[in-house]
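For reference, the structure discussed in these notes is given below.
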Amino acid sequence: MTRPPRPEPRNCLPRDIPDFTGRAGELRILLADSTAGKRTATALPVTVIHGMPGIGKTALAVRASHLMSAAYPDSQFYVDMRGHSGQQPLDPADALAHLLHATGGPGELPATLDERATRWREWTAGRRVLVVLDNVRDAAQVGPLLPGSPTCRVLVTTRSRLAGLDGAAHLFVDTLSREEAAALFTRIVGASRVSGAPECLRRIVEACACHPLAVQVLASRFRHRDSWDLQHLLDRLAQATSPLQEFDTVISAVFRFSYTELSSPAQELFRRLALHPGSDITLRAAEALAGPDLGSEPGASRHEESRPAALERCVEELIDSSLLEEPVRGRHRLHDLTRAYALQVCLRTDSAAVRHASVGRLVAHYLTTAYRADRLCHPHRRVLDLDLPAQGGPHCAPGFTDADGASVWLTVERANLVAVARAAAGGHPQYAALFPHVLARSLKLWGAWDIEAELFEAAVPVLRSSGDRAALAQTLTDHADLLAQRDHGAALRCATEALSIHEDLDQTHGRADALFQSGRAHLAAGHGDTSLRVLEQALKLYREVGDRSGEAECLNVQGVVLYYAGRYDEALHKVQAMEAIYEDLPDPYGLAQALNNRGELAFLQGRYADAQECYERSRVLMRQHGGRVDLAILDTNLGGVHQAVGETDQALRCFKRALAAHRFSGDALGEADVLISMGTAYARSGRRGEALLHLTMAEQVATRIDNPYERMRALIAAADVQRESGRLDTAARGYEQALAVAERIEFPMGSAHALAGLARIASLSPRPAGRTVDHGERAVALYRELGAEAEAAKLLQFLKTHRSTGS
């Protein structure tokens, strides 16, 4: 009997898209399994390509199908399953009828679904066939259409994850990279329309959130507007009231269909999530945002214990519909365009009162949780007994078991805390007034100077109008703490007002805090004697109320003042007393500060090994308990040790890390300090041009924040470079400016360095005698008075050498 000939291979694939761009990684994954003839496995390879609406799943599947068609020569089939199209989804029996007709088989089709599925499996058995099932609704639609042979291949596109499709591989399709999105836009409009404006193009694709459908729609519109240029298009996007306004209705349409297919509770949660101002959200925060009546009918009751389960079901439904992402386990986010659509629906559907209440619950959740976390992380910090808002329910609050868990939460939620605090300032002033106090220590550790200024500016007027003078005074004190090293004048004003209020209220502890911040502000202004006097008053009050943490902080700043004054033995005594208190409390962050300060004193005395040991011990503690700025300070100090022992390259690596951290955090004082260290390192390695550049930047930063100490250091270091370069007149002017600053702020070591520089210049001048002796003797006397014998000996040797050579 002769076997009937096989029908001609069928190719039902849609045409490939000429504008297809990018997706190299996804194509590699799909094509890796295309060598069907070489496969020895017995299971059918099925890949589920899933992602949000309009993300390019079909385009990817079609491109991959054309590329792998040679590996499946017997036929390539494509079926639109109409799962998310606004039409009736294609029944599996009808889909099988389509496939069986396409095979060209003789006879009538079987009547039942099972019989059709059997005939389909019989036909594909032993053949190498590629099947693309596009726009699938659920796993039940797919199952009957799968061939039984491992020599076939199936690609499924869907907005859902199709978790019920056993044995399938899953490929998530995300937005394009910025480069891919720009390439897609360019391919559509033509290279000549985008040439010369790369920054505009970058901002345009970012406005599209790199969503391929949005890029295509916008590019197609631009292509037919010959009078437009990229800047005009960018301006239109900037003026749009909604991210969706400038796009075709097709964008809203693809989201609308997915939204209407959601259950009522999931729709409600979708709308609420759009109100969250942060970048991502946890289930606990989502529960607070959704409220106690998620999905309930008016007047109906919902058992409390069912709320988390109901919320999780809604979240899973949103994820399955590709309207919500879970990039990190337990943390969810809306894509930018999805959020824009959700917000549109929310504004149309929910009243202003409902939206306001939702955001209020979210703000309450973050504020209360941040307060609890702060108390665990900083148990010795004095805080107000705040009247914190109730949260959405007992399930909302994270249960912290220790300080480590609380610290991790504060770090991970940093961006959300800042975003929610800003939102509170716009619509919930009663909460906005509390955020700066609750987050004060965290903002300081993060180095978030600009953010804290914004939050305090929102809080202080609210507190003034509320009549809560105690809270106002504490908030002003917190603000002074953050301002002290950036704007000592504003810090002193805040601390002075806080002190006045605390005196009116007869609050001893509050007076101590305000005096302490006044002392810090006076130190930053270069008023060392005034700072010591004020700090001594604060220290007495801290001891009176038994606040050992406040006492240690006071000793710390007193040690810094004494260090600047050249009274090193007294400074060391203060640091040792501070260290003992922090060990006794215990307070690892304070102990790290004490170790750093002890290292600075050891460094100044030339004991570099001891200094490095202190810095390294401090760094171990700071990595666990400190912030970016604290670690940057230690990098600067360790770099100084490396520089002192001749390891310039290692020193510069430390300095560069520190500079990047200070600039990222907006810490101008730390930036000035490390720029001076870098300038000195470059000078000692003979790179004088780079040295002067960094020292000039340091002086500019110090002048901007009105910090006389750092300005004096920058002037002396720059004058040293000018002297070594032979520009004696320029160097002399620099030393004279530095001497005037040092004498004004009563910083004897600075005076000694400036006088030593002037003495060296005088010794190099044609008639050096009088000025050399005068400047030199004053410098040596100061060095010896300060215990800096090595500096005195070095200067004397220089002067002796140049007198003997006559140079």
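Numbering starts fresh at 1 for the residues of each chain in the structure tokens, the chains themselves are lettered A, B, ... in the order given, and ligands are numbered from 1 as they appear.
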Find the spatial neighbours of A:Arg63, counting only C-alpha atoms, within a cut-off of 8 Å - ignore same-chain residues fewer than 6 positions away - and output them as a list of chain:residue names. A:Asp16, A:Ile17, A:Phe20
Selected residues, N, CA, C and O atoms, written as a compact mmCIF listing (two decimals), in the first residue's frame, please.
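As written to disk, part27.txt reads:
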# COMPACT_ATOMS: atom_id res chain seq x y z
N ASP A 16 6.87 39.80 9.05
CA ASP A 16 7.77 40.36 10.06
C ASP A 16 7.64 41.88 10.04
O ASP A 16 7.30 42.49 9.02
N ILE A 17 7.93 42.52 11.16
CA ILE A 17 7.76 43.96 11.29
C ILE A 17 9.06 44.66 10.89
O ILE A 17 10.11 44.41 11.51
N PHE A 20 11.09 46.45 13.70
CA PHE A 20 11.49 45.70 14.90
C PHE A 20 12.90 46.12 15.30
O PHE A 20 13.82 46.16 14.48
At a cut-off of 6 Å, using only C-alpha atoms, what residues contact stretch 568-585 of chain A? Leave out same-chain residues fewer than 6 positions from it and give the result as a CSV table (one decimal) with all heavy atoms, in the first residue's frame.
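part-v9.csv, written as the output of this step:
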chain,number,residue,atom,x,y,z
A,552,ALA,N,27.8,62.7,75.9
A,552,ALA,CA,28.9,62.3,75.0
A,552,ALA,C,28.9,63.1,73.7
A,552,ALA,O,30.0,63.4,73.2
A,552,ALA,CB,28.6,60.8,74.6
A,555,LEU,N,30.7,66.3,74.6
A,555,LEU,CA,32.2,66.0,74.7
A,555,LEU,C,32.8,65.9,73.4
A,555,LEU,O,34.0,66.4,73.1
A,555,LEU,CB,32.4,64.8,75.5
A,555,LEU,CG,32.1,64.8,77.0
A,555,LEU,CD1,32.0,63.4,77.6
A,555,LEU,CD2,33.1,65.7,77.8
A,559,GLY,N,35.7,68.3,72.0
A,559,GLY,CA,37.0,67.8,71.6
A,559,GLY,C,37.4,68.4,70.2
A,559,GLY,O,38.6,68.7,70.0
A,562,LEU,N,38.7,72.0,70.8
A,562,LEU,CA,40.0,72.0,71.4
A,562,LEU,C,41.1,71.5,70.4
A,562,LEU,O,42.2,72.0,70.4
A,562,LEU,CB,40.0,71.1,72.6
A,562,LEU,CG,39.2,71.5,73.8
A,562,LEU,CD1,39.0,70.4,74.8
A,562,LEU,CD2,39.8,72.8,74.4
A,591,LEU,N,30.4,55.3,69.3
A,591,LEU,CA,31.7,54.7,69.4
A,591,LEU,C,32.5,54.8,68.2
A,591,LEU,O,33.7,55.1,68.2
A,591,LEU,CB,31.6,53.2,69.9
A,591,LEU,CG,32.9,52.5,70.1
A,591,LEU,CD1,33.7,53.2,71.3
A,591,LEU,CD2,32.6,51.0,70.5
A,594,ALA,N,33.9,58.3,68.0
A,594,ALA,CA,35.0,58.5,69.0
A,594,ALA,C,36.3,57.9,68.4
A,594,ALA,O,37.4,58.5,68.5
A,594,ALA,CB,34.6,57.9,70.3
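The protein and nucleic acid residues lying at most 9 Å from A:Asp706 are A:Arg486, A:Asp487, A:His488, A:Ala524, A:Ala525, A:Val701, A:Ala702, A:Arg711, with only C-alpha atoms considered and sequence neighbours fewer than 4 positions away removed.
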Keeping only N, CA and C atoms, write those residues as an mmCIF file, in the first residue's frame.
data_model
loop_
_atom_site.group_PDB
_atom_site.id
_atom_site.type_symbol
_atom_site.label_atom_id
_atom_site.label_comp_id
_atom_site.auth_asym_id
_atom_site.auth_seq_id
_atom_site.Cartn_x
_atom_site.Cartn_y
_atom_site.Cartn_z
ATOM 1 N N ARG A 486 26.297 73.401 57.031
ATOM 2 C CA ARG A 486 26.009 73.943 55.698
ATOM 3 C C ARG A 486 25.685 75.429 55.742
ATOM 4 N N ASP A 487 24.980 75.846 56.793
ATOM 5 C CA ASP A 487 24.572 77.242 56.912
ATOM 6 C C ASP A 487 24.520 77.566 58.401
ATOM 7 N N HIS A 488 25.707 77.897 58.970
ATOM 8 C CA HIS A 488 25.775 78.052 60.419
ATOM 9 C C HIS A 488 24.934 79.229 60.916
ATOM 10 N N ALA A 524 31.169 76.016 63.640
ATOM 11 C CA ALA A 524 31.214 76.096 62.180
ATOM 12 C C ALA A 524 31.520 77.515 61.716
ATOM 13 N N ALA A 525 31.130 78.513 62.516
ATOM 14 C CA ALA A 525 31.401 79.906 62.159
ATOM 15 C C ALA A 525 32.816 80.329 62.519
ATOM 16 N N VAL A 701 34.066 76.153 47.418
ATOM 17 C CA VAL A 701 33.021 75.472 48.194
ATOM 18 C C VAL A 701 32.994 76.006 49.626
ATOM 19 N N ALA A 702 34.182 76.147 50.235
ATOM 20 C CA ALA A 702 34.257 76.635 51.612
ATOM 21 C C ALA A 702 33.717 78.060 51.727
ATOM 22 N N ARG A 711 38.343 77.081 54.325
ATOM 23 C CA ARG A 711 38.898 78.083 53.402
ATOM 24 C C ARG A 711 40.363 78.351 53.734
#
Counting only C-alpha atoms, the option among A:Glu671, A:Ala717, A:Ala732, A:Asp529 closest to A:Ser765: A:Ala732
Rank nothing, just name the residue among A:Ser65, A:Ser665, A:Gln141, A:Gln605 nearest to A:Lys444, using only C-alpha atoms.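 Nearest to A:Lys444: A:Ser665.
For the pair atom CA of A:Arg223 and atom CA of A:Val189, the interatomic distance is 4.9 Å.
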Atom-to-atom span, atom CA of A:Gly467 and atom CA of A:Gln517, Å: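 Here the two named atoms are 23.2 Å from each other.
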What is the atom CA of A:Ser725-atom CA of A:Val741 distance in Å, reported with one decimal? 23.9 Å
Determine, using only C-alpha atoms, which residues of stretch 533-559 of chain A have any atom at most 12 Å from an atom of stretch 374-382 of chain A, and tabulate each with its shortest atom pair and distance in Å to one decimal place, rows ordered by chain and then rising number, as JSON lines.
{"residue": "A:Tyr542", "atom": "CA", "partner": "A:Arg382", "partner_atom": "CA", "distance": 11.6}
{"residue": "A:Val545", "atom": "CA", "partner": "A:Arg382", "partner_atom": "CA", "distance": 11.8}
{"residue": "A:Gly546", "atom": "CA", "partner": "A:His380", "partner_atom": "CA", "distance": 11.6}
{"residue": "A:Asp547", "atom": "CA", "partner": "A:His380", "partner_atom": "CA", "distance": 8.5}
{"residue": "A:Arg548", "atom": "CA", "partner": "A:His380", "partner_atom": "CA", "distance": 8.6}
{"residue": "A:Ser549", "atom": "CA", "partner": "A:His380", "partner_atom": "CA", "distance": 6.2}
{"residue": "A:Gly550", "atom": "CA", "partner": "A:Arg381", "partner_atom": "CA", "distance": 8.4}
{"residue": "A:Glu551", "atom": "CA", "partner": "A:His380", "partner_atom": "CA", "distance": 11.3}
{"residue": "A:Ala552", "atom": "CA", "partner": "A:His380", "partner_atom": "CA", "distance": 11.1}
{"residue": "A:Glu553", "atom": "CA", "partner": "A:Arg381", "partner_atom": "CA", "distance": 10.9}
Among stretch 255-467 of chain A, which residues does DSSP mark as alpha helix (DSSP H) when it is run on the backbone? Keep the chain and numbering as in the structure and answer as JSON, numbers by chain. {"A": [255, 256, 257, 258, 259, 260, 264, 265, 266, 267, 268, 269, 270, 271, 272, 273, 283, 284, 285, 286, 287, 288, 289, 290, 307, 308, 309, 310, 311, 312, 313, 314, 315, 316, 317, 318, 319, 320, 336, 337, 338, 339, 340, 341, 342, 343, 344, 345, 346, 347, 348, 349, 352, 353, 354, 355, 356, 357, 358, 359, 360, 361, 362, 363, 364, 365, 366, 367, 368, 369, 370, 371, 372, 373, 374, 375, 376, 377, 403, 404, 405, 406, 407, 408, 409, 410, 411, 412, 414, 415, 416, 417, 418, 419, 420, 421, 422, 423, 424, 425, 426, 427, 429, 430, 431, 432, 435, 436, 437, 438, 439, 440, 441, 442, 443, 444, 445, 446, 449, 450, 451, 452, 453, 454, 455, 456, 457, 458, 459, 460, 461, 462, 463, 464, 465, 466]}
Pick out the closest residue to A:Tyr709 from this set: A:Ala125, A:Ile676, A:Leu289, A:Ala424. Count only C-alpha atoms.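 Looking only at the distances to A:Tyr709, the closest residue turns out to be A:Ile676.
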Quick one: pick out all strand (DSSP E) residues within stretch 129-287 of chain A from a backbone DSSP run and write them as a ChimeraX atom specification. /A:129-136,153-158,169-172
At a cut-off of 10 Å, using only C-alpha atoms, what residues contact A:Ser160? Leave out same-chain residues fewer than 3 positions from it and give the result as a PyMOL selection string. chain A and resi 48-52+135-139+157+163+317-323
Could you write those residues out with all heavy atoms, as a compact mmCIF listing (two decimals), in the first residue's frame?
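As written to disk, out.txt reads:
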# COMPACT_ATOMS: atom_id res chain seq x y z
N VAL A 48 6.16 30.60 27.17
CA VAL A 48 5.13 31.60 27.41
C VAL A 48 5.81 32.97 27.45
O VAL A 48 6.61 33.25 28.35
CB VAL A 48 4.37 31.33 28.72
CG1 VAL A 48 3.38 32.46 29.00
CG2 VAL A 48 3.65 29.99 28.64
N ILE A 49 5.50 33.80 26.48
CA ILE A 49 6.05 35.16 26.42
C ILE A 49 5.00 36.09 27.02
O ILE A 49 3.93 36.28 26.45
CB ILE A 49 6.35 35.55 24.95
CG1 ILE A 49 7.32 34.56 24.32
CG2 ILE A 49 6.89 36.97 24.87
CD1 ILE A 49 7.46 34.73 22.81
N HIS A 50 5.30 36.66 28.19
CA HIS A 50 4.28 37.46 28.87
C HIS A 50 4.82 38.83 29.24
O HIS A 50 6.02 39.04 29.37
CB HIS A 50 3.75 36.73 30.12
CG HIS A 50 4.80 36.46 31.17
ND1 HIS A 50 4.95 37.25 32.28
CD2 HIS A 50 5.75 35.49 31.25
CE1 HIS A 50 5.94 36.78 33.02
NE2 HIS A 50 6.44 35.71 32.42
N GLY A 51 3.90 39.77 29.41
CA GLY A 51 4.26 41.15 29.74
C GLY A 51 3.05 42.05 29.66
O GLY A 51 1.95 41.61 29.31
N MET A 52 3.25 43.32 29.97
CA MET A 52 2.15 44.26 30.02
C MET A 52 1.59 44.54 28.63
O MET A 52 2.22 44.22 27.62
CB MET A 52 2.61 45.57 30.68
CG MET A 52 3.50 46.42 29.80
SD MET A 52 3.87 48.01 30.56
CE MET A 52 5.02 47.49 31.82
N ASN A 135 -1.87 36.17 21.90
CA ASN A 135 -2.93 36.84 22.65
C ASN A 135 -3.82 35.85 23.38
O ASN A 135 -5.05 35.87 23.28
CB ASN A 135 -3.76 37.71 21.69
CG ASN A 135 -4.56 38.77 22.41
OD1 ASN A 135 -4.39 39.00 23.60
ND2 ASN A 135 -5.46 39.42 21.68
N VAL A 136 -3.18 34.98 24.16
CA VAL A 136 -3.90 33.93 24.88
C VAL A 136 -4.46 34.48 26.18
O VAL A 136 -3.82 35.29 26.86
CB VAL A 136 -2.95 32.75 25.16
CG1 VAL A 136 -3.56 31.78 26.17
CG2 VAL A 136 -2.62 32.03 23.86
N ARG A 137 -5.64 34.03 26.52
CA ARG A 137 -6.30 34.52 27.74
C ARG A 137 -5.88 33.73 28.98
O ARG A 137 -5.55 34.30 30.00
CB ARG A 137 -7.82 34.44 27.56
CG ARG A 137 -8.63 34.90 28.76
CD ARG A 137 -10.12 34.69 28.54
NE ARG A 137 -10.89 35.11 29.68
CZ ARG A 137 -11.33 36.34 29.88
NH1 ARG A 137 -11.04 37.28 29.00
NH2 ARG A 137 -12.04 36.66 30.94
N ASP A 138 -5.93 32.39 28.88
CA ASP A 138 -5.61 31.56 30.04
C ASP A 138 -5.10 30.20 29.58
O ASP A 138 -5.10 29.88 28.38
CB ASP A 138 -6.83 31.39 30.96
CG ASP A 138 -8.07 30.90 30.21
OD1 ASP A 138 -7.91 30.08 29.28
OD2 ASP A 138 -9.19 31.35 30.54
N ALA A 139 -4.66 29.40 30.54
CA ALA A 139 -4.06 28.10 30.21
C ALA A 139 -5.07 27.16 29.58
O ALA A 139 -4.70 26.31 28.74
CB ALA A 139 -3.47 27.48 31.48
N THR A 157 1.93 33.95 23.46
CA THR A 157 2.01 35.31 23.99
C THR A 157 0.76 35.60 24.80
O THR A 157 -0.34 35.18 24.43
CB THR A 157 2.14 36.37 22.87
OG1 THR A 157 0.90 36.51 22.20
CG2 THR A 157 3.22 35.98 21.87
N ALA A 163 0.30 30.45 34.90
CA ALA A 163 0.95 29.56 35.86
C ALA A 163 0.41 28.13 35.77
O ALA A 163 1.09 27.18 36.15
CB ALA A 163 0.74 30.11 37.27
N GLU A 317 -3.95 38.89 40.93
CA GLU A 317 -4.75 39.12 39.74
C GLU A 317 -4.12 40.22 38.87
O GLU A 317 -4.06 40.09 37.64
CB GLU A 317 -6.17 39.50 40.13
CG GLU A 317 -7.14 39.56 38.96
CD GLU A 317 -8.57 39.84 39.39
OE1 GLU A 317 -8.87 39.75 40.62
OE2 GLU A 317 -9.39 40.18 38.52
N LEU A 318 -3.65 41.27 39.51
CA LEU A 318 -3.00 42.36 38.77
C LEU A 318 -1.70 41.91 38.12
O LEU A 318 -1.38 42.27 36.99
CB LEU A 318 -2.74 43.55 39.69
CG LEU A 318 -3.98 44.31 40.18
CD1 LEU A 318 -3.58 45.34 41.22
CD2 LEU A 318 -4.70 44.97 39.02
N ILE A 319 -0.94 41.08 38.83
CA ILE A 319 0.31 40.55 38.27
C ILE A 319 0.01 39.63 37.10
O ILE A 319 0.66 39.70 36.04
CB ILE A 319 1.13 39.82 39.36
CG1 ILE A 319 1.65 40.83 40.39
CG2 ILE A 319 2.30 39.06 38.73
CD1 ILE A 319 2.35 40.19 41.58
N ASP A 320 -0.98 38.76 37.27
CA ASP A 320 -1.35 37.84 36.19
C ASP A 320 -1.81 38.59 34.94
O ASP A 320 -1.64 38.11 33.81
CB ASP A 320 -2.46 36.89 36.65
CG ASP A 320 -1.94 35.81 37.59
OD1 ASP A 320 -0.71 35.61 37.63
OD2 ASP A 320 -2.75 35.20 38.30
N SER A 321 -2.38 39.78 35.14
CA SER A 321 -2.83 40.58 34.00
C SER A 321 -1.75 41.50 33.48
O SER A 321 -2.00 42.32 32.59
CB SER A 321 -4.05 41.42 34.42
OG SER A 321 -5.10 40.60 34.85
N SER A 322 -0.54 41.39 34.03
CA SER A 322 0.61 42.20 33.63
C SER A 322 0.36 43.70 33.83
O SER A 322 0.95 44.53 33.15
CB SER A 322 1.01 41.93 32.17
OG SER A 322 1.50 40.62 32.03
N LEU A 323 -0.51 44.03 34.77
CA LEU A 323 -0.73 45.43 35.12
C LEU A 323 0.12 45.84 36.32
O LEU A 323 0.26 47.03 36.61
CB LEU A 323 -2.21 45.67 35.43
CG LEU A 323 -3.15 45.56 34.23
CD1 LEU A 323 -4.60 45.68 34.68
CD2 LEU A 323 -2.82 46.62 33.18
List the spatial neighbours of stretch 203-205 of chain A as a ChimeraX atom specification - criterion: any atom at most 12 Å away, only C-alpha atoms, same-chain residues fewer than 5 positions off excluded. /A:175-186,194,197-198,210-219,222,229-238,243,246
